[in-house]
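Asks: Below are the structure tokens for one structure; questions will follow.
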Amino acid sequence: SGERLAHWVDLDEYVVQARARIDAGERRPQFGLDRDPDELRQEQALMLRPAIRPEDATRYIVAIRNVVDAGGQVLEPSPGFRALRDGLPSDDPIIESRRAHFEEIFSLLEAQGIARDGLQLAWDFTTASRANNTGAMLHMRDEALQAAPEGVPYSVELVDEGLGDGMACRLEVTFDMPLYMTRGESGGLLNLGEDGLPEQNGSFAYAAALVVPMSAQTDPAPLVAFGHGQLGAKEQVLGFQPIAAAQNLAAFALDWKGFAADDVGTVVGALTGGDLATFRAVPERMHQGFLNFLLAMRTLSVAADGGPSTPLNEALNRDCGGAVLDGSRRYYFGGSQGGILGASLMA
């Protein structure tokens with residue numbers, strides 16, 4: 001369309017602070033860089049950030065002009081880009097294979113009044129479609145929730161450790177979740193059917209940690225799903241106990257499968273193993289992690305309001321001093337990674 005997208009630009013800056021206290025000969029430990037700051041600045045990254053969200057399934061062209069160095073001199077393009085821009089010969093087969101594509105880019109830019117001879121760098125990209133980004137997860141969500149209107153099978157056990165002040169009990173709730181992965185453990189991929197969408201592959205046991213405040217013994221407590229931090233675990237909900245006690249909240253957490261503690265080996269292996277394509281196991285397993293949170297909340301909220309004979313309410317009566325949960329009030333709280341992923345979960 002030729003419409004220009006507003007953006008802002010930042011330089012990745014290395015900040016060096018030097019401090020000294022010479023009064024009374026005091027010495028203090030300092031952090032220092034192992035390379036000269038001027039050398040590091042030669043490796044600064046130019047970061048372009050859209051000021052508005054790009055459209056789905058839309059092609060964009062990025063054109064960079066008039067970037068100068070510290071002395072005000074216009075920076076020269078790389079030899080590879082200059083060969084494409086100026087039609088210079090190259091013995092690089094990759095550059096040769098891209099000439100026709102870049103000629104189209106240059107023509108589109110010139111149609112918008114952007115001359116090719118002033119370009120320092122240009123490239124194009126196409127954003128993913130909404131279906132590509134969300135189709136698999138929405139399919140899993142809709143199918144699993146429809147199949148489990150009352151939640152999934154579960155069991156409850158008392159865990160007698162890690163309980164904070166003002167808390168009545170800590171319970172371990174193990175859910176029999178529908179599995180949409182090739183395996184339940186880390187490293188599996190989405191189990192895709194012939195239509196390219198995730199297909200259920202039996203079930204797998206995933207556990208949640210649930211902490212209940214003493215105040216719930218006299219005032220029914222809402223349910224709060226707690227999302228842990230980067231590569232963390234469900235036990236991080238124990239750090240939420242002071243808030244839970246003060247605000248009368250029953251908080252539960254599951255591992256964010258895909259980016260939890262038991263995925264560290266998968267993440268490190270993908271980043272260091274020489275084949276970045278194996279990293280797909282991380283976001284694909286995160287689909288299962290999202291589904292687990294959705295089904296856990298449904299299961300617990302239905303069970304909380306399901307009368308005294310549900311396994312959850314029996315455990316609350318037996319192990320938590322008769323605490324009561326209000327399944328009609330449901331919230332989410334996430335810290336760090338949990339705050340980021342929580343936006344997608346709640347959407």
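For the structure tokens, the naming scheme is as follows: chains receive sequential letters (A, B, ...) according to their order of presentation, residues are indexed from 1 within each chain, and ligands are indexed from 1 in presentation order.
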Show me, as a PyMOL selection string, the residues that have an atom within 10 Å of Phe240 of chain A when counting only C-alpha atoms, minus same-chain residues fewer than 5 positions from it.
Replies: chain A and resi 164+211+226+235+245+249+251-252+333+335
Asks: Please provide as a list in words all residues within 9 Å of Ile64 of chain A, with the sequence filter that same-chain residues fewer than 2 positions apart are discarded (counting only C-alpha atoms).
Replies: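 Everything that qualifies: Val62, Asn66, Val67, Gly118, Leu119, Gln120, Leu121 and Ala122 of chain A.
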Asks: Would you mind telling me which residue in A:Ile61, A:Ala225, A:Ser328, A:Gly274 lies nearest to Ile105 of chain A when using only C-alpha atoms?
Replies: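 Between A:Ile61, A:Ala225, A:Ser328, A:Gly274, the residue approaching Ile105 of chain A most closely is A:Ile61.
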Asks: Among segment 222-314 of chain A, which ones does DSSP place in alpha helix (DSSP H), written as a VMD selection string?
Replies: chain A and resid 241 to 247 264 to 272 281 to 304 311 to 314
Asks: Please produce a file of those selected residues containing C-alpha atoms, as a tab-separated table (two decimals), in the first residue's frame.
Replies:
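Saved file again.tsv follows:
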chain	number	residue	atom	x	y	z
A	241	GLN	CA	1.89	-16.85	50.18
A	242	PRO	CA	2.24	-13.49	52.02
A	243	ILE	CA	-0.06	-11.88	49.44
A	244	ALA	CA	-2.42	-14.85	49.49
A	245	ALA	CA	-2.67	-14.67	53.28
A	246	ALA	CA	-3.19	-10.91	53.34
A	247	GLN	CA	-5.76	-10.85	50.52
A	264	VAL	CA	16.24	-26.41	30.73
A	265	GLY	CA	18.00	-29.31	29.04
A	266	THR	CA	15.86	-28.96	25.93
A	267	VAL	CA	16.41	-25.19	25.74
A	268	VAL	CA	20.18	-25.40	26.28
A	269	GLY	CA	20.51	-28.28	23.84
A	270	ALA	CA	18.65	-26.37	21.14
A	271	LEU	CA	20.76	-23.24	21.62
A	272	THR	CA	24.12	-25.00	21.75
A	281	ALA	CA	10.22	-28.22	20.85
A	282	VAL	CA	10.10	-25.26	23.25
A	283	PRO	CA	7.18	-23.23	21.81
A	284	GLU	CA	5.34	-26.37	20.77
A	285	ARG	CA	5.36	-27.72	24.32
A	286	MET	CA	4.20	-24.34	25.58
A	287	HIS	CA	0.88	-25.11	23.89
A	288	GLN	CA	0.45	-27.95	26.37
A	289	GLY	CA	1.43	-25.61	29.19
A	290	PHE	CA	-1.30	-23.14	28.28
A	291	LEU	CA	-3.86	-25.91	28.00
A	292	ASN	CA	-2.90	-27.27	31.41
A	293	PHE	CA	-3.54	-23.88	33.03
A	294	LEU	CA	-6.94	-23.55	31.35
A	295	LEU	CA	-8.08	-27.01	32.36
A	296	ALA	CA	-6.70	-26.72	35.88
A	297	MET	CA	-8.69	-23.55	36.49
A	298	ARG	CA	-11.85	-25.09	35.10
A	299	THR	CA	-11.39	-28.26	37.14
A	300	LEU	CA	-10.68	-26.49	40.42
A	301	SER	CA	-13.43	-23.89	40.03
A	302	VAL	CA	-16.05	-26.53	39.19
A	303	ALA	CA	-14.85	-28.75	42.04
A	304	ALA	CA	-14.85	-25.87	44.54
A	311	PRO	CA	-12.10	-34.63	46.16
A	312	LEU	CA	-11.01	-31.00	46.42
A	313	ASN	CA	-13.58	-30.04	49.03
A	314	GLU	CA	-12.99	-33.23	50.99
Asks: Would you give me, as a VMD selection string, the residues in segment 198-339 of chain A that DSSP reads as strand (DSSP E)?
Replies: chain A and resid 203 to 213 221 to 227 250 to 254 325 to 334
Asks: Which residue out of A:Gly202, A:Leu171, A:Met177, A:Gly334 has the minimum interatomic distance to Ala315 of chain A when only C-alpha atoms are used?
Replies: A:Leu171
Asks: Of the candidates A:Pro178, A:Gly321, A:Gly229, A:Gly80, which shows the shortest atom-to-atom distance to Val152 of chain A, using only C-alpha atoms?
Replies: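 Comparing A:Pro178, A:Gly321, A:Gly229, A:Gly80 against Val152 of chain A, the winner is A:Pro178.
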Asks: Skip Cys320 of chain A itself and residues of its chain fewer than 6 positions away, then list as an MDAnalysis selection string all residues within 12 Å of it, counting only C-alpha atoms.
Replies: chainID A and resid 157:160 163 166:171 210:218 250 312:314
Asks: Rank nothing, just name the residue among A:Met47, A:Asp319, A:Arg329, A:Asp117 nearest to Glu76 of chain A, using only C-alpha atoms.
Replies: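 So, comparing all the options, the nearest one is A:Asp117.
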Asks: Could you please determine the separation between atom CA of Thr127 of chain A and atom CA of His101 of chain A in Å, to one decimal place?
Replies: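 Computing the Euclidean distance for atom CA of Thr127 of chain A and atom CA of His101 of chain A yields 17.5 Å.
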Asks: Within 8 Å of Ala260 of chain A, counting only C-alpha atoms, which residues qualify if same-chain residues fewer than 4 places away don't, as a PyMOL selection string?
Replies: chain A and resi 230-233+255-256+264
Asks: For Tyr331 of chain A, work out the shell of residues within 8 Å, counting only C-alpha atoms and skipping chain neighbours fewer than 6 positions away, then give it as a list in words.
Replies: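 Near neighbours after the sequence-gap exclusion: Pro222, Leu223, Val224 and Ala225 of chain A.
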Asks: Determine the nearest neighbour of Val156 of chain A from the options A:Thr174, A:Gln73, A:Asn201, A:Asn133, counting only C-alpha atoms.
Replies: A:Thr174
Asks: Atom CA of Ala100 of chain A and atom CA of Phe125 of chain A, how far apart in Å?
Replies: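 Going from atom CA of Phe125 of chain A over to atom CA of Ala100 of chain A covers 15.6 Å.
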Asks: Smallest atom-to-atom distance to Tyr206 of chain A: which of A:Leu138, A:Ala57, A:Leu254, A:Met346, using only C-alpha atoms?
Replies: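 Counting only C-alpha atoms, the residue closest to Tyr206 of chain A is A:Leu254.
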Asks: Work out how far apart atom CA of Ser155 of chain A and atom CA of Phe175 of chain A are and give it in Å to one decimal.
Replies: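 Going from atom CA of Ser155 of chain A over to atom CA of Phe175 of chain A covers 6.8 Å.
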